Amino acid sequence: MADSCKYKRRLAWLLLFVALALLPLGVNNYVQFVINTMLVYCLAALGFNIVIGYLGQLAFANAAFFGIGAYAAGLAMARLDLAFPLALAVSAIAGGLAGGLVGMPALRVRGYYLAIVTLAFGELMRWFYVHADGITYGAGGFSPPPPTWFGAPLNETGKYYVFLAVLALGVAATQHLLKSRIGRAFVAIRNNEPAAASLGIAVARSKVVAFAWSGLIVGLAGGLYALLNGRISPDTFGLAQMLMHFAIVMIGGLGSLLGSILGAVLLTGAPELLRNFPGLEEIVFSLLLMVVLFFMPRGLGGLIADRIPAVRERLYRE
């Protein structure tokens, strides 16, 4: 019986891999661009969920990490002439360092005070993008060089495979982290911080690690976003970006890797379906958020985990 279940899981993963690999063959460039955008926001939601879902901290620096990653990748390509794989590495490192820096205030403040501090950090970064025009090209933004692969421009299909590989690596690494002692410490701190400290968990170090990992993942997503759009400007990384990430995580499910992906796919794809109905997009978005908050407080990931035991065991953590 166990061998049969193991075989079915392997077959399901194989079919999923084949479907994802063949997906670009049946879509046009516009649909491919939308799918690539979904992958970017899946990664961003994954990183944001570490702090707000698993660690349980009301912190909203995700838009700042997203912008830092985008600017780091774009500037690395524009000013340092780095190839896009190295630029993506720079975006991850920059996001991780910013996350560790933002994690320091979390050692002293929490709740609404932490939310205000992290929001202020995001606005500070936007001010920097606008006024440090000698570095960031100022309020008008800039266009980084188009990514190339062995000298040839990377089209939407090529970006898809790069983004998919990065997302798969991010999900695997994050899942490994959450199953480790460090990840279990995040959940213990979320559930009861004094009790976690009494059990010998290094609360301060765990918080900084969580913020740093969140910044690394979201910063990497920002780097992908820069490659996807080919244009970087300060207005992109404001309050609207933060609310987008927050809604994705809330609808997908706090503390759920699967929910992060489902929420990103839903909220990135839905606007495209409603583009021909002006004004309806905001209405549907608001209604969806209210329905989830009132009737599915654990989000889509929690709903699926409650219905499918295998998903609960492998992809959802209490």
# chains A, B, ... in the order shown; residues from 1 in each chain; ligands from 1
call {"tool": "select_by_dssp", "arguments": {"residues": "segment 100-303 of chain A", "states": "helix (DSSP H, G or I)", "output": "compact mmCIF listing (two decimals) with N, CA and C atoms, in the first residue's frame"}}
result
# COMPACT_ATOMS: atom_id res chain seq x y z
N GLY A 100 17.67 41.16 6.97
CA GLY A 100 18.34 41.09 8.26
C GLY A 100 18.35 42.42 8.98
N LEU A 101 18.51 43.52 8.23
CA LEU A 101 18.49 44.85 8.82
C LEU A 101 17.12 45.19 9.38
N VAL A 102 16.07 44.88 8.62
CA VAL A 102 14.71 45.17 9.08
C VAL A 102 14.34 44.27 10.26
N GLY A 103 14.95 43.08 10.33
CA GLY A 103 14.65 42.18 11.44
C GLY A 103 15.12 42.70 12.79
N PRO A 105 14.66 45.77 14.27
CA PRO A 105 13.58 46.38 15.06
C PRO A 105 12.57 45.39 15.61
N ALA A 106 12.43 44.23 14.93
CA ALA A 106 11.48 43.22 15.40
C ALA A 106 11.90 42.63 16.74
N LEU A 107 13.15 42.86 17.14
CA LEU A 107 13.61 42.37 18.43
C LEU A 107 13.10 43.24 19.57
N TYR A 112 1.41 46.52 15.95
CA TYR A 112 1.20 47.69 15.11
C TYR A 112 2.46 48.56 15.01
N TYR A 113 3.26 48.58 16.06
CA TYR A 113 4.49 49.38 16.03
C TYR A 113 5.46 48.83 14.98
N LEU A 114 5.56 47.51 14.91
CA LEU A 114 6.42 46.91 13.90
C LEU A 114 5.87 47.16 12.50
N ALA A 115 4.55 47.12 12.37
CA ALA A 115 3.94 47.41 11.08
C ALA A 115 4.28 48.82 10.61
N ILE A 116 4.22 49.78 11.54
CA ILE A 116 4.53 51.17 11.19
C ILE A 116 6.00 51.31 10.81
N VAL A 117 6.89 50.68 11.58
CA VAL A 117 8.32 50.78 11.30
C VAL A 117 8.64 50.20 9.92
N THR A 118 8.07 49.06 9.60
CA THR A 118 8.37 48.42 8.31
C THR A 118 7.74 49.19 7.14
N LEU A 119 6.56 49.76 7.35
CA LEU A 119 5.98 50.61 6.32
C LEU A 119 6.85 51.84 6.08
N ALA A 120 7.37 52.40 7.16
CA ALA A 120 8.25 53.56 7.03
C ALA A 120 9.52 53.20 6.27
N PHE A 121 10.03 51.99 6.49
CA PHE A 121 11.21 51.55 5.75
C PHE A 121 10.93 51.50 4.25
N GLY A 122 9.75 51.02 3.89
CA GLY A 122 9.38 50.98 2.48
C GLY A 122 9.32 52.36 1.86
N GLU A 123 8.74 53.32 2.60
CA GLU A 123 8.67 54.69 2.08
C GLU A 123 10.05 55.33 2.02
N LEU A 124 10.91 55.00 2.98
CA LEU A 124 12.28 55.50 2.95
C LEU A 124 13.02 55.01 1.70
N MET A 125 12.81 53.76 1.35
CA MET A 125 13.46 53.23 0.15
C MET A 125 12.92 53.91 -1.10
N ARG A 126 11.64 54.19 -1.14
CA ARG A 126 11.09 54.91 -2.30
C ARG A 126 11.68 56.31 -2.40
N TRP A 127 11.88 56.97 -1.27
CA TRP A 127 12.50 58.29 -1.26
C TRP A 127 13.92 58.19 -1.81
N PHE A 128 14.61 57.14 -1.42
CA PHE A 128 15.98 56.93 -1.90
C PHE A 128 16.00 56.72 -3.41
N TYR A 129 15.09 55.92 -3.94
CA TYR A 129 15.05 55.68 -5.37
C TYR A 129 14.86 56.99 -6.15
N VAL A 130 14.04 57.89 -5.60
CA VAL A 130 13.73 59.14 -6.29
C VAL A 130 14.89 60.13 -6.23
N HIS A 131 15.50 60.25 -5.06
CA HIS A 131 16.46 61.33 -4.83
C HIS A 131 17.91 60.93 -5.08
N ASP A 133 19.44 60.01 -7.63
CA ASP A 133 19.41 59.81 -9.08
C ASP A 133 20.77 59.49 -9.66
N GLY A 134 21.85 59.80 -8.94
CA GLY A 134 23.16 59.42 -9.43
C GLY A 134 23.39 57.93 -9.42
N ILE A 135 22.58 57.23 -8.63
CA ILE A 135 22.69 55.76 -8.54
C ILE A 135 21.50 55.09 -9.19
N THR A 136 20.30 55.57 -8.87
CA THR A 136 19.06 54.88 -9.25
C THR A 136 18.38 55.46 -10.48
N GLU A 156 10.01 35.58 -23.95
CA GLU A 156 9.10 35.25 -22.86
C GLU A 156 9.15 33.77 -22.50
N THR A 157 9.31 32.92 -23.49
CA THR A 157 9.39 31.49 -23.22
C THR A 157 10.67 31.17 -22.45
N GLY A 158 11.78 31.77 -22.85
CA GLY A 158 13.03 31.56 -22.12
C GLY A 158 12.93 32.06 -20.69
N LYS A 159 12.29 33.21 -20.50
CA LYS A 159 12.10 33.73 -19.15
C LYS A 159 11.26 32.77 -18.32
N TYR A 160 10.26 32.16 -18.95
CA TYR A 160 9.39 31.22 -18.23
C TYR A 160 10.20 30.09 -17.61
N TYR A 161 11.09 29.50 -18.39
CA TYR A 161 11.86 28.37 -17.85
C TYR A 161 12.83 28.82 -16.76
N VAL A 162 13.40 30.01 -16.92
CA VAL A 162 14.27 30.55 -15.88
C VAL A 162 13.47 30.80 -14.60
N PHE A 163 12.33 31.46 -14.74
CA PHE A 163 11.50 31.80 -13.58
C PHE A 163 10.98 30.54 -12.89
N LEU A 164 10.58 29.55 -13.70
CA LEU A 164 10.08 28.30 -13.12
C LEU A 164 11.16 27.59 -12.34
N ALA A 165 12.38 27.57 -12.87
CA ALA A 165 13.49 26.93 -12.16
C ALA A 165 13.81 27.66 -10.86
N VAL A 166 13.80 28.99 -10.90
CA VAL A 166 14.07 29.76 -9.69
C VAL A 166 12.97 29.53 -8.66
N LEU A 167 11.71 29.51 -9.09
CA LEU A 167 10.60 29.27 -8.16
C LEU A 167 10.71 27.88 -7.54
N ALA A 168 11.00 26.87 -8.35
CA ALA A 168 11.13 25.51 -7.81
C ALA A 168 12.26 25.44 -6.78
N LEU A 169 13.36 26.11 -7.06
CA LEU A 169 14.47 26.14 -6.12
C LEU A 169 14.08 26.87 -4.84
N GLY A 170 13.35 27.98 -4.98
CA GLY A 170 12.91 28.73 -3.81
C GLY A 170 11.95 27.94 -2.94
N VAL A 171 11.01 27.24 -3.57
CA VAL A 171 10.05 26.43 -2.82
C VAL A 171 10.76 25.29 -2.10
N ALA A 172 11.67 24.60 -2.81
CA ALA A 172 12.38 23.47 -2.20
C ALA A 172 13.24 23.93 -1.02
N ALA A 173 13.96 25.05 -1.20
CA ALA A 173 14.83 25.54 -0.13
C ALA A 173 14.01 26.02 1.06
N THR A 174 12.91 26.70 0.80
CA THR A 174 12.06 27.20 1.89
C THR A 174 11.40 26.05 2.64
N GLN A 175 10.93 25.05 1.91
CA GLN A 175 10.33 23.89 2.56
C GLN A 175 11.35 23.16 3.42
N HIS A 176 12.57 23.04 2.94
CA HIS A 176 13.63 22.41 3.73
C HIS A 176 13.91 23.22 4.99
N LEU A 177 13.94 24.55 4.86
CA LEU A 177 14.17 25.40 6.02
C LEU A 177 13.07 25.25 7.05
N LEU A 178 11.82 25.22 6.59
CA LEU A 178 10.69 25.16 7.51
C LEU A 178 10.61 23.80 8.23
N LYS A 179 11.15 22.76 7.62
CA LYS A 179 11.14 21.44 8.25
C LYS A 179 12.32 21.26 9.21
N ARG A 181 15.08 22.63 12.31
CA ARG A 181 14.90 23.20 13.66
C ARG A 181 14.63 24.70 13.59
N ILE A 182 15.24 25.35 12.63
CA ILE A 182 15.04 26.80 12.49
C ILE A 182 13.59 27.10 12.13
N GLY A 183 13.05 26.36 11.16
CA GLY A 183 11.66 26.57 10.76
C GLY A 183 10.68 26.24 11.87
N ARG A 184 10.96 25.18 12.61
CA ARG A 184 10.08 24.85 13.73
C ARG A 184 10.15 25.92 14.82
N ALA A 185 11.30 26.57 14.93
CA ALA A 185 11.43 27.68 15.88
C ALA A 185 10.55 28.85 15.46
N PHE A 186 10.44 29.11 14.15
CA PHE A 186 9.56 30.18 13.67
C PHE A 186 8.13 29.95 14.16
N VAL A 187 7.63 28.72 13.97
CA VAL A 187 6.26 28.40 14.34
C VAL A 187 6.07 28.47 15.85
N ALA A 188 7.07 28.02 16.61
CA ALA A 188 6.98 28.07 18.07
C ALA A 188 6.90 29.52 18.56
N ILE A 189 7.68 30.40 17.94
CA ILE A 189 7.65 31.82 18.31
C ILE A 189 6.29 32.42 17.96
N ARG A 190 5.76 32.04 16.82
CA ARG A 190 4.43 32.54 16.42
C ARG A 190 3.36 32.11 17.41
N ASN A 191 3.41 30.87 17.84
CA ASN A 191 2.38 30.34 18.72
C ASN A 191 2.47 30.90 20.14
N GLU A 193 5.63 33.15 22.09
CA GLU A 193 7.02 33.58 22.15
C GLU A 193 7.67 33.34 23.52
N PRO A 194 7.00 33.68 24.64
CA PRO A 194 7.62 33.40 25.95
C PRO A 194 7.87 31.91 26.17
N ALA A 195 6.91 31.08 25.75
CA ALA A 195 7.11 29.63 25.91
C ALA A 195 8.27 29.14 25.06
N ALA A 196 8.41 29.69 23.84
CA ALA A 196 9.52 29.30 22.98
C ALA A 196 10.85 29.67 23.62
N ALA A 197 10.91 30.86 24.20
CA ALA A 197 12.14 31.29 24.87
C ALA A 197 12.46 30.40 26.06
N SER A 198 11.42 29.99 26.79
CA SER A 198 11.64 29.13 27.96
C SER A 198 12.14 27.75 27.58
N VAL A 203 15.18 33.23 20.35
CA VAL A 203 14.11 34.00 19.72
C VAL A 203 14.68 35.11 18.83
N ALA A 204 15.63 35.87 19.35
CA ALA A 204 16.19 36.99 18.60
C ALA A 204 16.84 36.51 17.30
N ARG A 205 17.66 35.49 17.41
CA ARG A 205 18.34 34.98 16.22
C ARG A 205 17.34 34.43 15.21
N SER A 206 16.31 33.72 15.69
CA SER A 206 15.31 33.14 14.80
C SER A 206 14.55 34.22 14.04
N LYS A 207 14.25 35.32 14.73
CA LYS A 207 13.53 36.41 14.06
C LYS A 207 14.38 37.02 12.95
N VAL A 208 15.64 37.26 13.25
CA VAL A 208 16.52 37.86 12.25
C VAL A 208 16.68 36.92 11.06
N VAL A 209 16.82 35.64 11.33
CA VAL A 209 16.96 34.66 10.24
C VAL A 209 15.69 34.65 9.38
N ALA A 210 14.52 34.69 10.02
CA ALA A 210 13.26 34.69 9.27
C ALA A 210 13.15 35.92 8.38
N PHE A 211 13.48 37.08 8.91
CA PHE A 211 13.42 38.30 8.11
C PHE A 211 14.44 38.25 6.98
N ALA A 212 15.64 37.75 7.26
CA ALA A 212 16.67 37.68 6.23
C ALA A 212 16.26 36.73 5.11
N TRP A 213 15.70 35.58 5.48
CA TRP A 213 15.27 34.63 4.45
C TRP A 213 14.11 35.20 3.64
N SER A 214 13.18 35.87 4.34
CA SER A 214 12.07 36.51 3.64
C SER A 214 12.59 37.55 2.67
N GLY A 215 13.54 38.39 3.12
CA GLY A 215 14.11 39.40 2.24
C GLY A 215 14.83 38.78 1.06
N LEU A 216 15.53 37.67 1.28
CA LEU A 216 16.25 37.01 0.19
C LEU A 216 15.28 36.52 -0.88
N ILE A 217 14.21 35.85 -0.47
CA ILE A 217 13.25 35.30 -1.42
C ILE A 217 12.49 36.41 -2.15
N VAL A 218 12.00 37.40 -1.39
CA VAL A 218 11.26 38.50 -2.02
C VAL A 218 12.18 39.34 -2.89
N GLY A 219 13.43 39.54 -2.45
CA GLY A 219 14.39 40.26 -3.27
C GLY A 219 14.67 39.53 -4.58
N LEU A 220 14.76 38.22 -4.52
CA LEU A 220 14.95 37.43 -5.73
C LEU A 220 13.75 37.59 -6.66
N ALA A 221 12.55 37.60 -6.08
CA ALA A 221 11.34 37.84 -6.89
C ALA A 221 11.39 39.22 -7.54
N GLY A 222 11.90 40.22 -6.80
CA GLY A 222 12.06 41.54 -7.38
C GLY A 222 13.02 41.54 -8.55
N GLY A 223 14.11 40.77 -8.45
CA GLY A 223 15.04 40.65 -9.56
C GLY A 223 14.37 40.05 -10.79
N LEU A 224 13.54 39.04 -10.59
CA LEU A 224 12.80 38.45 -11.70
C LEU A 224 11.82 39.46 -12.30
N TYR A 225 11.21 40.26 -11.42
CA TYR A 225 10.26 41.27 -11.88
C TYR A 225 10.96 42.28 -12.79
N ALA A 226 12.19 42.66 -12.44
CA ALA A 226 12.95 43.59 -13.28
C ALA A 226 13.23 42.99 -14.65
N LEU A 227 13.57 41.70 -14.69
CA LEU A 227 13.83 41.03 -15.97
C LEU A 227 12.54 40.88 -16.77
N LEU A 228 11.43 40.66 -16.07
CA LEU A 228 10.16 40.45 -16.75
C LEU A 228 9.66 41.70 -17.45
N ASN A 229 9.68 42.84 -16.75
CA ASN A 229 9.08 44.05 -17.27
C ASN A 229 10.05 44.91 -18.07
N PRO A 234 10.34 54.02 -9.26
CA PRO A 234 9.99 54.03 -7.83
C PRO A 234 8.51 53.81 -7.55
N ASP A 235 7.63 54.29 -8.44
CA ASP A 235 6.19 54.19 -8.20
C ASP A 235 5.71 52.74 -8.14
N THR A 236 6.47 51.83 -8.70
CA THR A 236 6.05 50.42 -8.74
C THR A 236 6.09 49.77 -7.36
N PHE A 237 6.89 50.31 -6.44
CA PHE A 237 7.15 49.61 -5.18
C PHE A 237 6.58 50.36 -3.98
N LEU A 239 2.69 51.49 -1.81
CA LEU A 239 1.67 50.86 -0.98
C LEU A 239 0.85 49.84 -1.77
N ALA A 240 0.56 50.13 -3.03
CA ALA A 240 -0.23 49.19 -3.84
C ALA A 240 0.47 47.85 -3.98
N GLN A 241 1.79 47.87 -4.14
CA GLN A 241 2.56 46.62 -4.24
C GLN A 241 2.48 45.84 -2.93
N MET A 242 2.59 46.54 -1.81
CA MET A 242 2.51 45.88 -0.51
C MET A 242 1.13 45.25 -0.30
N LEU A 243 0.07 45.96 -0.66
CA LEU A 243 -1.28 45.44 -0.50
C LEU A 243 -1.51 44.22 -1.40
N MET A 244 -0.91 44.24 -2.57
CA MET A 244 -1.02 43.09 -3.47
C MET A 244 -0.42 41.85 -2.82
N HIS A 245 0.76 41.97 -2.27
CA HIS A 245 1.41 40.84 -1.60
C HIS A 245 0.57 40.37 -0.41
N PHE A 246 0.06 41.34 0.36
CA PHE A 246 -0.73 40.99 1.55
C PHE A 246 -2.00 40.24 1.17
N ALA A 247 -2.68 40.72 0.14
CA ALA A 247 -3.91 40.05 -0.29
C ALA A 247 -3.63 38.65 -0.80
N ILE A 248 -2.54 38.47 -1.52
CA ILE A 248 -2.18 37.14 -2.02
C ILE A 248 -2.00 36.16 -0.86
N VAL A 249 -1.27 36.60 0.16
CA VAL A 249 -1.00 35.71 1.29
C VAL A 249 -2.27 35.44 2.10
N MET A 250 -3.10 36.45 2.30
CA MET A 250 -4.32 36.26 3.08
C MET A 250 -5.29 35.33 2.36
N ILE A 251 -5.45 35.51 1.07
CA ILE A 251 -6.37 34.65 0.31
C ILE A 251 -5.78 33.26 0.14
N GLY A 252 -4.50 33.18 -0.08
CA GLY A 252 -3.87 31.86 -0.22
C GLY A 252 -3.80 31.10 1.08
N LEU A 257 2.68 27.09 2.20
CA LEU A 257 3.42 27.23 0.95
C LEU A 257 2.51 27.05 -0.25
N LEU A 258 1.64 26.07 -0.17
CA LEU A 258 0.69 25.84 -1.26
C LEU A 258 -0.23 27.05 -1.41
N GLY A 259 -0.67 27.62 -0.29
CA GLY A 259 -1.55 28.78 -0.34
C GLY A 259 -0.88 29.98 -0.99
N SER A 260 0.42 30.15 -0.75
CA SER A 260 1.14 31.26 -1.38
C SER A 260 1.07 31.16 -2.89
N ILE A 261 1.23 29.95 -3.41
CA ILE A 261 1.20 29.75 -4.85
C ILE A 261 -0.21 29.92 -5.40
N LEU A 262 -1.21 29.34 -4.71
CA LEU A 262 -2.59 29.46 -5.17
C LEU A 262 -3.06 30.91 -5.16
N GLY A 263 -2.74 31.63 -4.11
CA GLY A 263 -3.15 33.03 -4.02
C GLY A 263 -2.52 33.87 -5.10
N ALA A 264 -1.24 33.63 -5.39
CA ALA A 264 -0.55 34.40 -6.44
C ALA A 264 -1.15 34.11 -7.81
N VAL A 265 -1.43 32.85 -8.09
CA VAL A 265 -2.01 32.49 -9.39
C VAL A 265 -3.39 33.12 -9.54
N LEU A 266 -4.20 33.07 -8.48
CA LEU A 266 -5.56 33.59 -8.55
C LEU A 266 -5.57 35.11 -8.71
N LEU A 267 -4.82 35.81 -7.88
CA LEU A 267 -4.89 37.26 -7.90
C LEU A 267 -4.09 37.88 -9.04
N THR A 268 -3.19 37.13 -9.64
CA THR A 268 -2.49 37.63 -10.82
C THR A 268 -3.28 37.33 -12.09
N GLY A 269 -3.94 36.20 -12.11
CA GLY A 269 -4.69 35.82 -13.31
C GLY A 269 -6.07 36.45 -13.40
N ALA A 270 -6.74 36.65 -12.26
CA ALA A 270 -8.11 37.19 -12.27
C ALA A 270 -8.21 38.55 -12.95
N PRO A 271 -7.29 39.50 -12.68
CA PRO A 271 -7.41 40.79 -13.36
C PRO A 271 -7.37 40.68 -14.89
N GLU A 272 -6.64 39.71 -15.42
CA GLU A 272 -6.58 39.54 -16.86
C GLU A 272 -7.92 39.06 -17.42
N LEU A 273 -8.62 38.22 -16.66
CA LEU A 273 -9.93 37.74 -17.09
C LEU A 273 -10.98 38.84 -17.05
N LEU A 280 -15.01 46.26 -12.58
CA LEU A 280 -15.39 44.98 -11.98
C LEU A 280 -14.22 44.33 -11.27
N GLU A 281 -13.02 44.61 -11.74
CA GLU A 281 -11.83 44.00 -11.14
C GLU A 281 -11.72 44.35 -9.66
N GLU A 282 -11.90 45.63 -9.30
CA GLU A 282 -11.81 46.05 -7.91
C GLU A 282 -12.91 45.44 -7.06
N ILE A 283 -14.13 45.33 -7.64
CA ILE A 283 -15.25 44.76 -6.90
C ILE A 283 -15.01 43.30 -6.59
N VAL A 284 -14.59 42.54 -7.60
CA VAL A 284 -14.34 41.11 -7.40
C VAL A 284 -13.20 40.91 -6.42
N PHE A 285 -12.17 41.71 -6.55
CA PHE A 285 -11.01 41.62 -5.65
C PHE A 285 -11.44 41.83 -4.20
N SER A 286 -12.25 42.87 -3.94
CA SER A 286 -12.71 43.18 -2.58
C SER A 286 -13.62 42.09 -2.04
N LEU A 287 -14.55 41.63 -2.87
CA LEU A 287 -15.47 40.58 -2.42
C LEU A 287 -14.72 39.29 -2.11
N LEU A 288 -13.77 38.95 -2.94
CA LEU A 288 -12.99 37.73 -2.72
C LEU A 288 -12.24 37.80 -1.40
N LEU A 289 -11.63 38.95 -1.12
CA LEU A 289 -10.89 39.11 0.13
C LEU A 289 -11.82 39.01 1.33
N MET A 290 -13.00 39.61 1.27
CA MET A 290 -13.95 39.56 2.39
C MET A 290 -14.48 38.15 2.60
N VAL A 291 -14.76 37.44 1.51
CA VAL A 291 -15.26 36.07 1.63
C VAL A 291 -14.23 35.18 2.31
N VAL A 292 -12.98 35.32 1.90
CA VAL A 292 -11.92 34.50 2.49
C VAL A 292 -11.73 34.83 3.97
N LEU A 293 -11.71 36.11 4.31
CA LEU A 293 -11.49 36.51 5.70
C LEU A 293 -12.61 36.04 6.62
N PHE A 294 -13.84 36.07 6.12
CA PHE A 294 -14.99 35.70 6.96
C PHE A 294 -15.26 34.20 6.99
N PHE A 295 -15.12 33.54 5.85
CA PHE A 295 -15.55 32.14 5.76
C PHE A 295 -14.39 31.15 5.63
N GLY A 299 -7.52 30.54 4.55
CA GLY A 299 -7.26 30.72 3.13
C GLY A 299 -7.47 29.46 2.31
N LEU A 300 -7.12 29.56 1.04
CA LEU A 300 -7.29 28.43 0.13
C LEU A 300 -6.39 27.26 0.50
N GLY A 301 -5.19 27.56 0.94
CA GLY A 301 -4.29 26.48 1.34
C GLY A 301 -4.84 25.67 2.50
N GLY A 302 -5.41 26.36 3.49
CA GLY A 302 -6.02 25.66 4.63
C GLY A 302 -7.23 24.86 4.22
N LEU A 303 -8.04 25.40 3.30
CA LEU A 303 -9.22 24.68 2.83
C LEU A 303 -8.84 23.38 2.14
call {"tool": "residues_around", "arguments": {"residues": "Leu82 of chain A", "least_positions_apart": "6", "cutoff": "12 Å", "atoms": "only C-alpha atoms", "output": "list in words"}}
result
Ala72, Ala73, Gly74, Leu75, Ala76, Leu88, Ala89, Val90, Ser91, Pro144, Pro145, Pro146, Pro147 and Thr148 of chain A
call {"tool": "write_last_selection", "arguments": {"atoms": "N, CA and C atoms", "output": "PDB file, in the first residue's frame"}}
result
ATOM      1  N   ALA A  72      18.492  46.211  -7.397  1.00  0.00           N
ATOM      2  CA  ALA A  72      19.809  45.568  -7.331  1.00  0.00           C
ATOM      3  C   ALA A  72      20.105  44.820  -8.623  1.00  0.00           C
ATOM      4  N   ALA A  73      19.127  44.073  -9.115  1.00  0.00           N
ATOM      5  CA  ALA A  73      19.338  43.331 -10.360  1.00  0.00           C
ATOM      6  C   ALA A  73      19.490  44.277 -11.543  1.00  0.00           C
ATOM      7  N   GLY A  74      18.596  45.276 -11.624  1.00  0.00           N
ATOM      8  CA  GLY A  74      18.640  46.199 -12.746  1.00  0.00           C
ATOM      9  C   GLY A  74      19.915  47.012 -12.790  1.00  0.00           C
ATOM     10  N   LEU A  75      20.330  47.524 -11.638  1.00  0.00           N
ATOM     11  CA  LEU A  75      21.555  48.330 -11.593  1.00  0.00           C
ATOM     12  C   LEU A  75      22.799  47.475 -11.833  1.00  0.00           C
ATOM     13  N   ALA A  76      22.764  46.229 -11.369  1.00  0.00           N
ATOM     14  CA  ALA A  76      23.900  45.337 -11.620  1.00  0.00           C
ATOM     15  C   ALA A  76      24.081  45.100 -13.109  1.00  0.00           C
ATOM     16  N   LEU A  88      20.680  38.285 -10.717  1.00  0.00           N
ATOM     17  CA  LEU A  88      19.692  37.665  -9.834  1.00  0.00           C
ATOM     18  C   LEU A  88      20.317  37.304  -8.490  1.00  0.00           C
ATOM     19  N   ALA A  89      21.552  36.833  -8.520  1.00  0.00           N
ATOM     20  CA  ALA A  89      22.250  36.534  -7.267  1.00  0.00           C
ATOM     21  C   ALA A  89      22.429  37.805  -6.443  1.00  0.00           C
ATOM     22  N   VAL A  90      22.753  38.916  -7.115  1.00  0.00           N
ATOM     23  CA  VAL A  90      22.894  40.191  -6.415  1.00  0.00           C
ATOM     24  C   VAL A  90      21.566  40.615  -5.793  1.00  0.00           C
ATOM     25  N   SER A  91      20.459  40.414  -6.502  1.00  0.00           N
ATOM     26  CA  SER A  91      19.147  40.785  -5.967  1.00  0.00           C
ATOM     27  C   SER A  91      18.811  39.974  -4.719  1.00  0.00           C
ATOM     28  N   PRO A 144      16.807  48.394 -17.601  1.00  0.00           N
ATOM     29  CA  PRO A 144      18.047  47.605 -17.634  1.00  0.00           C
ATOM     30  C   PRO A 144      18.227  46.944 -18.990  1.00  0.00           C
ATOM     31  N   PRO A 145      19.445  46.558 -19.321  1.00  0.00           N
ATOM     32  CA  PRO A 145      19.663  45.864 -20.605  1.00  0.00           C
ATOM     33  C   PRO A 145      18.834  44.582 -20.667  1.00  0.00           C
ATOM     34  N   PRO A 146      18.282  44.260 -21.830  1.00  0.00           N
ATOM     35  CA  PRO A 146      17.505  43.016 -21.946  1.00  0.00           C
ATOM     36  C   PRO A 146      18.374  41.802 -21.660  1.00  0.00           C
ATOM     37  N   PRO A 147      17.855  40.835 -20.921  1.00  0.00           N
ATOM     38  CA  PRO A 147      18.652  39.645 -20.606  1.00  0.00           C
ATOM     39  C   PRO A 147      18.938  38.823 -21.856  1.00  0.00           C
ATOM     40  N   THR A 148      20.095  38.240 -21.875  1.00  0.00           N
ATOM     41  CA  THR A 148      20.477  37.401 -23.018  1.00  0.00           C
ATOM     42  C   THR A 148      20.930  36.035 -22.519  1.00  0.00           C
TER      43      THR A 148
END
call {"tool": "select_by_dssp", "arguments": {"residues": "segment 142-273 of chain A", "states": "strand (DSSP E or B)", "output": "PDB file with N, CA and C atoms, in the first residue's frame"}}
result
ATOM      1  N   PHE A 142      14.467  53.581 -14.938  1.00  0.00           N
ATOM      2  CA  PHE A 142      15.396  53.221 -16.012  1.00  0.00           C
ATOM      3  C   PHE A 142      15.027  51.850 -16.561  1.00  0.00           C
ATOM      4  N   THR A 148      20.095  38.240 -21.875  1.00  0.00           N
ATOM      5  CA  THR A 148      20.477  37.401 -23.018  1.00  0.00           C
ATOM      6  C   THR A 148      20.930  36.035 -22.519  1.00  0.00           C
ATOM      7  N   TRP A 149      20.867  35.055 -23.414  1.00  0.00           N
ATOM      8  CA  TRP A 149      21.310  33.701 -23.106  1.00  0.00           C
ATOM      9  C   TRP A 149      22.217  33.249 -24.238  1.00  0.00           C
ATOM     10  N   ALA A 152      21.976  35.526 -27.272  1.00  0.00           N
ATOM     11  CA  ALA A 152      20.660  35.728 -27.884  1.00  0.00           C
ATOM     12  C   ALA A 152      19.700  36.310 -26.849  1.00  0.00           C
ATOM     13  N   PRO A 153      18.829  37.240 -27.263  1.00  0.00           N
ATOM     14  CA  PRO A 153      17.852  37.816 -26.320  1.00  0.00           C
ATOM     15  C   PRO A 153      16.969  36.727 -25.720  1.00  0.00           C
ATOM     16  N   ILE A 232      12.101  49.749 -14.549  1.00  0.00           N
ATOM     17  CA  ILE A 232      12.085  49.871 -13.093  1.00  0.00           C
ATOM     18  C   ILE A 232      11.875  51.333 -12.741  1.00  0.00           C
ATOM     19  N   SER A 256       1.181  28.766   4.758  1.00  0.00           N
ATOM     20  CA  SER A 256       0.951  27.693   3.793  1.00  0.00           C
ATOM     21  C   SER A 256       1.750  27.964   2.529  1.00  0.00           C
TER      22      SER A 256
END
call {"tool": "residues_around", "arguments": {"residues": "Leu23 of chain A", "least_positions_apart": "4", "cutoff": "10 Å", "atoms": "only C-alpha atoms", "output": "short mmCIF file (atom, residue, chain, number, x, y, z; two decimals) with N, CA and C atoms, in the first residue's frame"}}
result
data_model
loop_
_atom_site.label_atom_id
_atom_site.label_comp_id
_atom_site.auth_asym_id
_atom_site.auth_seq_id
_atom_site.Cartn_x
_atom_site.Cartn_y
_atom_site.Cartn_z
N PHE A 17 5.43 17.97 -13.92
CA PHE A 17 6.66 18.45 -14.56
C PHE A 17 6.50 18.51 -16.08
N VAL A 18 5.93 17.47 -16.66
CA VAL A 18 5.74 17.44 -18.11
C VAL A 18 4.78 18.55 -18.54
N ALA A 19 3.68 18.74 -17.78
CA ALA A 19 2.71 19.77 -18.13
C ALA A 19 3.34 21.17 -18.09
N VAL A 27 0.57 28.52 -25.82
CA VAL A 27 0.11 29.87 -25.48
C VAL A 27 0.86 30.89 -26.32
N GLN A 32 1.85 34.09 -22.12
CA GLN A 32 3.11 33.68 -21.51
C GLN A 32 3.61 34.75 -20.54
N ILE A 35 1.65 34.39 -17.35
CA ILE A 35 2.11 33.22 -16.59
C ILE A 35 3.44 33.54 -15.90
N THR A 157 9.31 32.92 -23.49
CA THR A 157 9.39 31.49 -23.22
C THR A 157 10.67 31.17 -22.45
N TYR A 160 10.26 32.16 -18.95
CA TYR A 160 9.39 31.22 -18.23
C TYR A 160 10.20 30.09 -17.61
#
